[in-house]
Amino acid sequence: MKRTLLIPGFMMFFVAIGHAQWAHAVLGGGVDTIAVDRKVLQAVHRATTAHKGYTVEEIVSDAMTVREYVSPSGVVFGIAWNGYVNPDLTQLLGAYWGEYSAARQKAERRYGTNRQKLSTNSTVVEKWGHMRNLQGRAYVPSLIPSGVGIGEIK
């Protein structure tokens with residue numbers, strides 16, 4: 001009887017490990033996580049643009065463009081997107097997804113508005129736009145390099 005219980009337990013363990021490889025903490029993670037985003041979003045690298053105090057990595061798919069803002073220390077501090085659909089925030093928010101998801105469930109729904117802003121203890125996620133032109137950004141205020149304004153994440 002114990003043996004039959006042990007097999008499902010091992011299966012759940014291996015399934016959890018398999019999913020963990022996709023749960024990279026992109027927001028707040030290293031620049032190397034951008035390659036994982038590219039795969040998951042089925043996108044290609046378009047450009048790397050250097051700015052004073054940060055770098056922007058831009059990836060493009062058929063449905064959207066995602067820009068990831070990287071500090072000089074190699075940490076992704078912000079993400080912005082635009083396109084026909086919103087990206088998979090589960091992937092892009094990484095370790096911050098749980099906090100965002102819980103806050104989103106508690107947030108009051110506002111009907112008739114096309115702009116949403118949700119602030120948690122550590123992140124800010126904003127979405128706006130209309131059909132075929134959806135936009136948004138997410139950032140961790142504590143990770144933004146000094147001298148870089150929030151308005152630059154666009």
# chains A, B, ... in the order shown; residues from 1 in each chain; ligands from 1
>>> residues_around(residues="range 37-54 of chain A", least_positions_apart="4", cutoff="9 Å", atoms="only C-alpha atoms", output="PyMOL selection string")
chain A and resi 22+24+26+33+58-62+64-65+69-72+74+87-88+91-92+145-148
>>> write_last_selection(atoms="C-alpha atoms", output="compact mmCIF listing (two decimals), in the first residue's frame")
# COMPACT_ATOMS: atom_id res chain seq x y z
CA TRP A 22 9.84 27.89 -16.52
CA HIS A 24 12.27 32.17 -13.80
CA VAL A 26 12.23 37.69 -14.90
CA THR A 33 16.06 35.33 -18.12
CA GLU A 58 13.30 44.44 -26.96
CA ILE A 59 11.69 41.19 -28.09
CA VAL A 60 8.93 40.92 -30.71
CA SER A 61 6.34 38.28 -31.56
CA ASP A 62 3.48 38.33 -34.06
CA MET A 64 3.23 41.97 -29.21
CA THR A 65 6.42 43.81 -28.42
CA TYR A 69 14.65 47.29 -18.66
CA VAL A 70 17.94 46.09 -17.23
CA SER A 71 20.04 47.91 -14.63
CA PRO A 72 23.84 48.17 -14.92
CA GLY A 74 22.16 43.06 -14.80
CA PRO A 87 1.63 39.06 -22.55
CA ASP A 88 1.70 36.14 -20.15
CA GLN A 91 6.13 34.45 -17.01
CA LEU A 92 7.14 38.10 -17.03
CA PRO A 145 18.50 52.56 -10.60
CA SER A 146 19.05 56.03 -9.18
CA GLY A 147 18.67 58.73 -11.80
CA VAL A 148 16.13 56.68 -13.80
>>> select_by_dssp(residues="chain A", states="alpha helix (DSSP H)", output="short mmCIF file (atom, residue, chain, number, x, y, z; two decimals) with N, CA and C atoms, in the first residue's frame")
data_model
loop_
_atom_site.label_atom_id
_atom_site.label_comp_id
_atom_site.auth_asym_id
_atom_site.auth_seq_id
_atom_site.Cartn_x
_atom_site.Cartn_y
_atom_site.Cartn_z
N LYS A 2 1.94 1.23 0.79
CA LYS A 2 2.82 2.39 0.84
C LYS A 2 3.49 2.64 -0.50
N ARG A 3 3.77 1.57 -1.21
CA ARG A 3 4.43 1.71 -2.51
C ARG A 3 3.53 2.45 -3.51
N THR A 4 2.24 2.20 -3.47
CA THR A 4 1.32 2.87 -4.39
C THR A 4 1.20 4.35 -4.06
N LEU A 5 1.38 4.73 -2.83
CA LEU A 5 1.36 6.13 -2.44
C LEU A 5 2.66 6.83 -2.80
N LEU A 6 3.72 6.08 -2.81
CA LEU A 6 5.04 6.64 -3.07
C LEU A 6 5.19 7.07 -4.54
N ILE A 7 4.66 6.30 -5.45
CA ILE A 7 4.79 6.60 -6.88
C ILE A 7 4.12 7.92 -7.24
N PRO A 8 2.86 8.18 -6.84
CA PRO A 8 2.28 9.50 -7.15
C PRO A 8 3.06 10.64 -6.51
N GLY A 9 3.61 10.39 -5.33
CA GLY A 9 4.42 11.43 -4.68
C GLY A 9 5.65 11.78 -5.50
N PHE A 10 6.34 10.79 -6.02
CA PHE A 10 7.50 11.04 -6.87
C PHE A 10 7.09 11.74 -8.16
N MET A 11 5.95 11.34 -8.72
CA MET A 11 5.49 11.96 -9.95
C MET A 11 5.22 13.45 -9.72
N MET A 12 4.59 13.80 -8.62
CA MET A 12 4.31 15.20 -8.31
C MET A 12 5.62 15.97 -8.12
N PHE A 13 6.60 15.34 -7.49
CA PHE A 13 7.91 15.98 -7.28
C PHE A 13 8.56 16.31 -8.62
N PHE A 14 8.56 15.37 -9.54
CA PHE A 14 9.20 15.60 -10.84
C PHE A 14 8.42 16.60 -11.69
N VAL A 15 7.10 16.60 -11.58
CA VAL A 15 6.30 17.60 -12.28
C VAL A 15 6.62 18.99 -11.75
N ALA A 16 6.75 19.11 -10.43
CA ALA A 16 7.08 20.41 -9.82
C ALA A 16 8.46 20.88 -10.27
N ILE A 17 9.41 19.99 -10.33
CA ILE A 17 10.76 20.37 -10.79
C ILE A 17 10.71 20.79 -12.25
N GLY A 18 9.97 20.08 -13.07
CA GLY A 18 9.85 20.42 -14.49
C GLY A 18 9.25 21.79 -14.69
N HIS A 19 8.25 22.15 -13.90
CA HIS A 19 7.64 23.47 -14.03
C HIS A 19 8.51 24.56 -13.45
N ALA A 20 9.35 24.23 -12.51
CA ALA A 20 10.21 25.25 -11.89
C ALA A 20 11.17 25.86 -12.90
N THR A 33 17.44 35.80 -18.07
CA THR A 33 16.06 35.33 -18.12
C THR A 33 15.32 35.84 -19.36
N ILE A 34 15.86 36.82 -20.04
CA ILE A 34 15.22 37.36 -21.24
C ILE A 34 15.16 36.30 -22.34
N ALA A 35 16.16 35.45 -22.41
CA ALA A 35 16.16 34.37 -23.40
C ALA A 35 15.01 33.40 -23.15
N VAL A 36 14.69 33.16 -21.88
CA VAL A 36 13.57 32.29 -21.54
C VAL A 36 12.27 32.95 -21.98
N ASP A 37 12.15 34.25 -21.74
CA ASP A 37 10.95 34.99 -22.17
C ASP A 37 10.76 34.85 -23.67
N ARG A 38 11.85 34.99 -24.40
CA ARG A 38 11.78 34.90 -25.85
C ARG A 38 11.19 33.56 -26.27
N LYS A 39 11.64 32.49 -25.63
CA LYS A 39 11.13 31.16 -25.96
C LYS A 39 9.65 31.03 -25.61
N VAL A 40 9.31 31.40 -24.39
CA VAL A 40 7.93 31.24 -23.92
C VAL A 40 6.96 32.09 -24.72
N LEU A 89 1.69 37.37 -18.07
CA LEU A 89 2.33 38.01 -16.91
C LEU A 89 2.85 36.98 -15.91
N THR A 90 2.34 35.77 -15.97
CA THR A 90 2.87 34.72 -15.11
C THR A 90 4.36 34.57 -15.37
N GLN A 91 4.73 34.57 -16.63
CA GLN A 91 6.13 34.45 -17.01
C GLN A 91 6.90 35.72 -16.72
N LEU A 92 6.38 36.86 -17.13
CA LEU A 92 7.14 38.10 -17.03
C LEU A 92 7.31 38.60 -15.59
N LEU A 93 6.32 38.37 -14.74
CA LEU A 93 6.44 38.82 -13.36
C LEU A 93 7.24 37.85 -12.50
N TRP A 97 4.59 37.21 -9.37
CA TRP A 97 3.27 36.85 -9.87
C TRP A 97 2.29 36.55 -8.73
N GLY A 98 2.70 35.80 -7.74
CA GLY A 98 1.81 35.42 -6.64
C GLY A 98 1.26 36.63 -5.91
N GLU A 99 2.13 37.57 -5.61
CA GLU A 99 1.72 38.80 -4.92
C GLU A 99 0.76 39.61 -5.79
N TYR A 100 1.06 39.72 -7.07
CA TYR A 100 0.20 40.46 -8.01
C TYR A 100 -1.16 39.77 -8.14
N SER A 101 -1.15 38.46 -8.30
CA SER A 101 -2.39 37.71 -8.48
C SER A 101 -3.31 37.85 -7.27
N ALA A 102 -2.74 37.77 -6.07
CA ALA A 102 -3.54 37.91 -4.85
C ALA A 102 -4.12 39.32 -4.75
N ALA A 103 -3.34 40.33 -5.07
CA ALA A 103 -3.82 41.71 -5.02
C ALA A 103 -4.89 41.95 -6.08
N ARG A 104 -4.73 41.35 -7.24
CA ARG A 104 -5.72 41.51 -8.32
C ARG A 104 -7.06 40.92 -7.93
N GLN A 105 -7.06 39.80 -7.22
CA GLN A 105 -8.31 39.18 -6.78
C GLN A 105 -9.03 40.03 -5.75
N LYS A 106 -8.29 40.77 -4.94
CA LYS A 106 -8.88 41.62 -3.90
C LYS A 106 -9.27 43.00 -4.42
#
>>> closest_residue(among="A:Asn114, A:Ser122, A:Ser73, A:Thr55", to="Ala138 in chain A", atoms="only C-alpha atoms")
A:Ser122
>>> residues_around(residues="Val85 in chain A", least_positions_apart="5", cutoff="8 Å", atoms="only C-alpha atoms", output="MDAnalysis selection string")
chainID A and resid 63:64 132:134
>>> select_by_dssp(residues="chain A", states="strand (DSSP E)", output="VMD selection string")
chain A and resid 44 to 51 54 to 60 64 to 70 76 to 83 115 to 119 124 to 130 133 to 139
>>> write_last_selection(atoms="C-alpha atoms", output="PDB file, in the first residue's frame")
ATOM      1  CA  VAL A  44      12.649  37.153 -31.534  1.00  0.00           C
ATOM      2  CA  HIS A  45      15.202  39.647 -30.281  1.00  0.00           C
ATOM      3  CA  ARG A  46      14.759  42.969 -32.043  1.00  0.00           C
ATOM      4  CA  ALA A  47      17.179  45.367 -30.383  1.00  0.00           C
ATOM      5  CA  THR A  48      19.333  46.247 -27.412  1.00  0.00           C
ATOM      6  CA  THR A  49      19.372  49.955 -26.644  1.00  0.00           C
ATOM      7  CA  ALA A  50      21.723  51.537 -24.114  1.00  0.00           C
ATOM      8  CA  HIS A  51      20.498  54.524 -22.110  1.00  0.00           C
ATOM      9  CA  TYR A  54      20.021  51.170 -17.941  1.00  0.00           C
ATOM     10  CA  THR A  55      19.647  49.037 -21.070  1.00  0.00           C
ATOM     11  CA  VAL A  56      16.451  48.059 -22.906  1.00  0.00           C
ATOM     12  CA  GLU A  57      16.138  44.583 -24.435  1.00  0.00           C
ATOM     13  CA  GLU A  58      13.303  44.438 -26.959  1.00  0.00           C
ATOM     14  CA  ILE A  59      11.688  41.193 -28.089  1.00  0.00           C
ATOM     15  CA  VAL A  60       8.934  40.924 -30.708  1.00  0.00           C
ATOM     16  CA  MET A  64       3.225  41.971 -29.215  1.00  0.00           C
ATOM     17  CA  THR A  65       6.425  43.805 -28.423  1.00  0.00           C
ATOM     18  CA  VAL A  66       7.987  43.450 -24.963  1.00  0.00           C
ATOM     19  CA  ARG A  67      10.708  45.739 -23.630  1.00  0.00           C
ATOM     20  CA  GLU A  68      12.713  44.641 -20.594  1.00  0.00           C
ATOM     21  CA  TYR A  69      14.647  47.287 -18.659  1.00  0.00           C
ATOM     22  CA  VAL A  70      17.940  46.092 -17.227  1.00  0.00           C
ATOM     23  CA  VAL A  76      15.496  43.417 -14.804  1.00  0.00           C
ATOM     24  CA  PHE A  77      13.732  46.264 -12.966  1.00  0.00           C
ATOM     25  CA  GLY A  78      10.895  46.987 -15.405  1.00  0.00           C
ATOM     26  CA  ILE A  79       8.917  45.559 -18.282  1.00  0.00           C
ATOM     27  CA  ALA A  80       6.686  47.323 -20.820  1.00  0.00           C
ATOM     28  CA  TRP A  81       4.592  45.909 -23.641  1.00  0.00           C
ATOM     29  CA  ASN A  82       2.205  46.784 -26.430  1.00  0.00           C
ATOM     30  CA  GLY A  83       0.338  44.736 -29.003  1.00  0.00           C
ATOM     31  CA  ARG A 115      -6.861  51.840 -17.453  1.00  0.00           C
ATOM     32  CA  GLN A 116      -5.837  49.624 -14.551  1.00  0.00           C
ATOM     33  CA  LYS A 117      -3.140  50.240 -11.976  1.00  0.00           C
ATOM     34  CA  LEU A 118      -2.372  47.755  -9.256  1.00  0.00           C
ATOM     35  CA  SER A 119       0.305  48.426  -6.648  1.00  0.00           C
ATOM     36  CA  VAL A 124       3.409  48.169  -9.741  1.00  0.00           C
ATOM     37  CA  VAL A 125       1.507  46.786 -12.750  1.00  0.00           C
ATOM     38  CA  GLU A 126      -0.361  49.104 -15.125  1.00  0.00           C
ATOM     39  CA  LYS A 127      -2.475  48.138 -18.149  1.00  0.00           C
ATOM     40  CA  TRP A 128      -4.322  50.350 -20.612  1.00  0.00           C
ATOM     41  CA  GLY A 129      -5.445  50.542 -24.206  1.00  0.00           C
ATOM     42  CA  HIS A 130      -8.199  49.122 -26.330  1.00  0.00           C
ATOM     43  CA  ASN A 133      -3.698  48.213 -29.010  1.00  0.00           C
ATOM     44  CA  LEU A 134      -3.116  46.890 -25.497  1.00  0.00           C
ATOM     45  CA  GLN A 135      -0.275  48.389 -23.507  1.00  0.00           C
ATOM     46  CA  GLY A 136       1.176  48.092 -20.067  1.00  0.00           C
ATOM     47  CA  ARG A 137       4.163  48.102 -17.811  1.00  0.00           C
ATOM     48  CA  ALA A 138       5.337  46.470 -14.614  1.00  0.00           C
ATOM     49  CA  TYR A 139       8.201  47.521 -12.395  1.00  0.00           C
TER      50      TYR A 139
END
>>> atom_distance(atom1="CA of Arg109 in chain A", atom2="CA of Ile153 in chain A")
25.3 Å
